[in-house]
Amino acid sequence: MADPLKFLDELSARARREAPPRVDISRRVVLKLQGEVPTPVWPMALIATSAAVGAAVVVSLSIPLIELLTDPLSVFFVMAVNSLP
Amino acid sequence: MKPSSRLYAIVTADGAWANVSESRIDLEQTDSEADRQDIAGSLAGDGEAYARLVQRYQDRVAAQMWRFTRDPVVHEQLVQDLFVEAFMSLKGFRGRAPFLHWLRRVATRVGYRYWKSRALDREREEVLTEAALNRAAVPEDLTPSEAAELLFRLLEKLPPSDRLVLTLFYFEDCDLGEISARAGWTRTLVKVRLHRARKKLKALLDEAGIGRA
């Protein structure tokens with residue numbers, strides 16, 4: 001065979017007759033796509049919201065107590081109240 | 001309509017080519033109508049609709065992906081990647097051309113990206129190419145599978161862009177327009193790349209002593 005390009009034409013014509021392997025991947029594709037869809041965030045969102053509400057209640061209740069404990073004049077007010085007849 | 005029905009229609013048509021053509025046209029219309037419904041279903045989140053699309057086209061695009069690897073495991077993975085990528089891009093399908101044409105473009109993109117990202121195992125390629133070349137006296141002596149293996153190994157020696165244009169030209173028997181559509185390159189660029197790539201391949205064959213008198 002004198003011409004490499006002619007050789008290629010004949011080689012490719014023969015190569016095109018090859019039966020390629022068959023695949024059946026439809027289930028795997030769907031499963032993979034379902035795996036890539038983000039999972040629902042409801043459970044995490046519910047826990048986070050509950051924690052935030054709980055924290056807000058604790059803070060709102062503890063603020064008056066902290067103010068009472070940290071107020072230097074509160075001792076005098078208590079003593080004054082106790083010393084009243 | 002399944003491929004077996006298509007064959008049945010052609011075989012049982014009473015000797016009239018028109019009947020065969022009509023059955024083909026009907027088939028394409030049926031496919032495109034089924035495609036339209038399944039694409040709409042897929043976009044609405046119906047997994048079964050997309051499974052039907054995959055089943056309808058997996059063999060045709062698997063044949064194309066076989067040009068990008070000779071490893072059955074990698075091949076199956078590439079076909080899977082292609083359909084996952086196609087799903088992700090499905091919103092971009094405008095329906096102006098048949099769904100298969102669009103899928104072939106996605107397949108070319110996935111295969112080309114695989115070539116570019118793959119670390120080349122040169123030593124293995126050399127051994128395989130030598131072995132294949134030693135057996136390649138004349139193409140007629142090779143089985144189709146051996147011929148495909150040899151062509152694949154020859155093209156594997158070229159850079160990805162040359163390899164792609166020649167793979168589409170020789171393996172897929174595409175003309176300039178089809179290569180341009182599948183690769184996303186202009187016709188002029190395809191023409192230039194094809195010319196240069198064929199020259200490189202010819203030099204490679206000359207060097208290996210193939211095709212000489």
# chains A, B, ... in the order shown; residues from 1 in each chain; ligands from 1
call {"tool": "closest_atom_pairs", "arguments": {"of": "chain B", "to": "chain A", "cutoff": "9 Å", "atoms": "only C-alpha atoms", "output": "JSON lines"}}
result
{"residue": "B:Gly47", "atom": "CA", "partner": "A:Val30", "partner_atom": "CA", "distance": 6.1}
{"residue": "B:Glu48", "atom": "CA", "partner": "A:Val30", "partner_atom": "CA", "distance": 7.9}
{"residue": "B:Tyr50", "atom": "CA", "partner": "A:Val30", "partner_atom": "CA", "distance": 7.4}
{"residue": "B:Ala51", "atom": "CA", "partner": "A:Ser26", "partner_atom": "CA", "distance": 5.1}
{"residue": "B:Arg52", "atom": "CA", "partner": "A:Ser26", "partner_atom": "CA", "distance": 7.6}
{"residue": "B:Leu53", "atom": "CA", "partner": "A:Ser26", "partner_atom": "CA", "distance": 8.4}
{"residue": "B:Val54", "atom": "CA", "partner": "A:Ser26", "partner_atom": "CA", "distance": 5.4}
{"residue": "B:Gln55", "atom": "CA", "partner": "A:Ser26", "partner_atom": "CA", "distance": 5.9}
{"residue": "B:Gln58", "atom": "CA", "partner": "A:Val23", "partner_atom": "CA", "distance": 6.9}
{"residue": "B:Asp59", "atom": "CA", "partner": "A:Arg22", "partner_atom": "CA", "distance": 6.0}
{"residue": "B:Ala62", "atom": "CA", "partner": "A:Arg22", "partner_atom": "CA", "distance": 6.9}
{"residue": "B:Ala63", "atom": "CA", "partner": "A:Pro20", "partner_atom": "CA", "distance": 5.4}
{"residue": "B:Gln64", "atom": "CA", "partner": "A:Pro20", "partner_atom": "CA", "distance": 8.6}
{"residue": "B:Trp66", "atom": "CA", "partner": "A:Pro20", "partner_atom": "CA", "distance": 6.4}
{"residue": "B:Pro72", "atom": "CA", "partner": "A:Pro21", "partner_atom": "CA", "distance": 7.4}
{"residue": "B:His75", "atom": "CA", "partner": "A:Pro21", "partner_atom": "CA", "distance": 8.8}
{"residue": "B:Glu76", "atom": "CA", "partner": "A:Val23", "partner_atom": "CA", "distance": 6.6}
{"residue": "B:Val79", "atom": "CA", "partner": "A:Ile25", "partner_atom": "CA", "distance": 7.9}
{"residue": "B:Gln80", "atom": "CA", "partner": "A:Val29", "partner_atom": "CA", "distance": 6.0}
{"residue": "B:Asp81", "atom": "CA", "partner": "A:Val29", "partner_atom": "CA", "distance": 8.1}
{"residue": "B:Phe83", "atom": "CA", "partner": "A:Val29", "partner_atom": "CA", "distance": 6.8}
{"residue": "B:Val84", "atom": "CA", "partner": "A:Val29", "partner_atom": "CA", "distance": 6.3}
{"residue": "B:Phe87", "atom": "CA", "partner": "A:Leu33", "partner_atom": "CA", "distance": 8.3}
{"residue": "B:Val138", "atom": "CA", "partner": "A:Phe7", "partner_atom": "CA", "distance": 7.8}
{"residue": "B:Pro139", "atom": "CA", "partner": "A:Leu11", "partner_atom": "CA", "distance": 5.2}
{"residue": "B:Glu140", "atom": "CA", "partner": "A:Arg14", "partner_atom": "CA", "distance": 7.7}
{"residue": "B:Leu142", "atom": "CA", "partner": "A:Arg14", "partner_atom": "CA", "distance": 8.1}
{"residue": "B:Thr143", "atom": "CA", "partner": "A:Arg14", "partner_atom": "CA", "distance": 7.6}
{"residue": "B:Pro144", "atom": "CA", "partner": "A:Ala15", "partner_atom": "CA", "distance": 4.7}
{"residue": "B:Ser145", "atom": "CA", "partner": "A:Glu18", "partner_atom": "CA", "distance": 5.2}
{"residue": "B:Glu146", "atom": "CA", "partner": "A:Ala15", "partner_atom": "CA", "distance": 7.5}
{"residue": "B:Ala147", "atom": "CA", "partner": "A:Ala15", "partner_atom": "CA", "distance": 4.8}
{"residue": "B:Ala148", "atom": "CA", "partner": "A:Ala15", "partner_atom": "CA", "distance": 4.1}
{"residue": "B:Glu149", "atom": "CA", "partner": "A:Ala15", "partner_atom": "CA", "distance": 7.8}
{"residue": "B:Leu150", "atom": "CA", "partner": "A:Leu11", "partner_atom": "CA", "distance": 8.4}
{"residue": "B:Leu151", "atom": "CA", "partner": "A:Ser12", "partner_atom": "CA", "distance": 6.9}
{"residue": "B:Tyr170", "atom": "CA", "partner": "A:Ser12", "partner_atom": "CA", "distance": 5.5}
{"residue": "B:Phe171", "atom": "CA", "partner": "A:Arg16", "partner_atom": "CA", "distance": 5.9}
{"residue": "B:Glu172", "atom": "CA", "partner": "A:Arg16", "partner_atom": "CA", "distance": 7.4}
{"residue": "B:Asp173", "atom": "CA", "partner": "A:Arg16", "partner_atom": "CA", "distance": 8.3}
{"residue": "B:Arg198", "atom": "CA", "partner": "A:Leu5", "partner_atom": "CA", "distance": 8.1}
{"residue": "B:Leu201", "atom": "CA", "partner": "A:Leu5", "partner_atom": "CA", "distance": 8.6}
{"residue": "B:Lys202", "atom": "CA", "partner": "A:Pro4", "partner_atom": "CA", "distance": 6.1}
{"residue": "B:Ala203", "atom": "CA", "partner": "A:Pro4", "partner_atom": "CA", "distance": 8.8}
{"residue": "B:Leu205", "atom": "CA", "partner": "A:Pro4", "partner_atom": "CA", "distance": 6.4}
{"residue": "B:Asp206", "atom": "CA", "partner": "A:Pro4", "partner_atom": "CA", "distance": 7.1}
{"residue": "B:Ile210", "atom": "CA", "partner": "A:Pro4", "partner_atom": "CA", "distance": 6.5}
{"residue": "B:Gly211", "atom": "CA", "partner": "A:Pro4", "partner_atom": "CA", "distance": 4.2}
{"residue": "B:Arg212", "atom": "CA", "partner": "A:Ala2", "partner_atom": "CA", "distance": 4.8}
{"residue": "B:Ala213", "atom": "CA", "partner": "A:Ala2", "partner_atom": "CA", "distance": 4.5}
call {"tool": "atom_distance", "arguments": {"atom1": "CA of Ser42 in chain B", "atom2": "CA of Met44 in chain A"}}
result
28.3 Å
call {"tool": "residues_around", "arguments": {"residues": "Leu82 in chain B", "least_positions_apart": "4", "cutoff": "10 Å", "atoms": "only C-alpha atoms", "output": "VMD selection string"}}
result
(chain A and resid 29) or (chain B and resid 58 61 to 62 65 76 to 78 86 to 88 103 to 104 106 to 111)
call {"tool": "write_last_selection", "arguments": {"atoms": "N, CA and C atoms", "output": "compact mmCIF listing (two decimals), in the first residue's frame"}}
result
# COMPACT_ATOMS: atom_id res chain seq x y z
N VAL A 29 -27.91 6.20 36.32
CA VAL A 29 -27.95 7.64 36.08
C VAL A 29 -29.01 8.29 36.97
N GLN B 58 -29.00 5.44 24.99
CA GLN B 58 -27.73 5.01 25.58
C GLN B 58 -26.86 4.21 24.61
N VAL B 61 -25.22 6.68 21.90
CA VAL B 61 -24.13 7.53 22.38
C VAL B 61 -23.00 6.70 22.98
N ALA B 62 -23.33 5.49 23.45
CA ALA B 62 -22.26 4.60 23.95
C ALA B 62 -21.31 4.24 22.82
N MET B 65 -19.04 7.10 22.52
CA MET B 65 -18.09 7.22 23.63
C MET B 65 -17.00 6.16 23.56
N GLU B 76 -18.16 2.84 30.39
CA GLU B 76 -19.46 2.88 31.06
C GLU B 76 -19.57 4.12 31.94
N GLN B 77 -18.46 4.45 32.60
CA GLN B 77 -18.46 5.63 33.46
C GLN B 77 -18.64 6.91 32.64
N LEU B 78 -18.01 6.94 31.48
CA LEU B 78 -18.13 8.12 30.61
C LEU B 78 -19.57 8.28 30.10
N ALA B 86 -25.80 15.80 30.70
CA ALA B 86 -26.92 16.17 29.82
C ALA B 86 -28.12 16.60 30.65
N PHE B 87 -28.36 15.89 31.75
CA PHE B 87 -29.50 16.26 32.60
C PHE B 87 -29.30 17.66 33.19
N MET B 88 -28.06 17.91 33.62
CA MET B 88 -27.77 19.22 34.23
C MET B 88 -27.94 20.35 33.21
N LEU B 103 -27.32 15.55 22.19
CA LEU B 103 -26.62 14.59 23.04
C LEU B 103 -25.21 14.31 22.52
N ARG B 104 -25.08 14.24 21.20
CA ARG B 104 -23.77 13.96 20.61
C ARG B 104 -22.78 15.09 20.90
N VAL B 106 -22.89 16.96 23.61
CA VAL B 106 -22.52 16.78 25.02
C VAL B 106 -21.51 15.64 25.14
N ALA B 107 -21.74 14.57 24.39
CA ALA B 107 -20.84 13.41 24.43
C ALA B 107 -19.43 13.81 23.99
N THR B 108 -19.35 14.61 22.94
CA THR B 108 -18.04 15.06 22.45
C THR B 108 -17.33 15.88 23.52
N ARG B 109 -18.10 16.74 24.18
CA ARG B 109 -17.52 17.59 25.23
C ARG B 109 -16.99 16.73 26.39
N VAL B 110 -17.79 15.74 26.80
CA VAL B 110 -17.39 14.89 27.93
C VAL B 110 -16.15 14.07 27.55
N GLY B 111 -16.14 13.51 26.36
CA GLY B 111 -15.00 12.70 25.92
C GLY B 111 -13.73 13.52 25.77
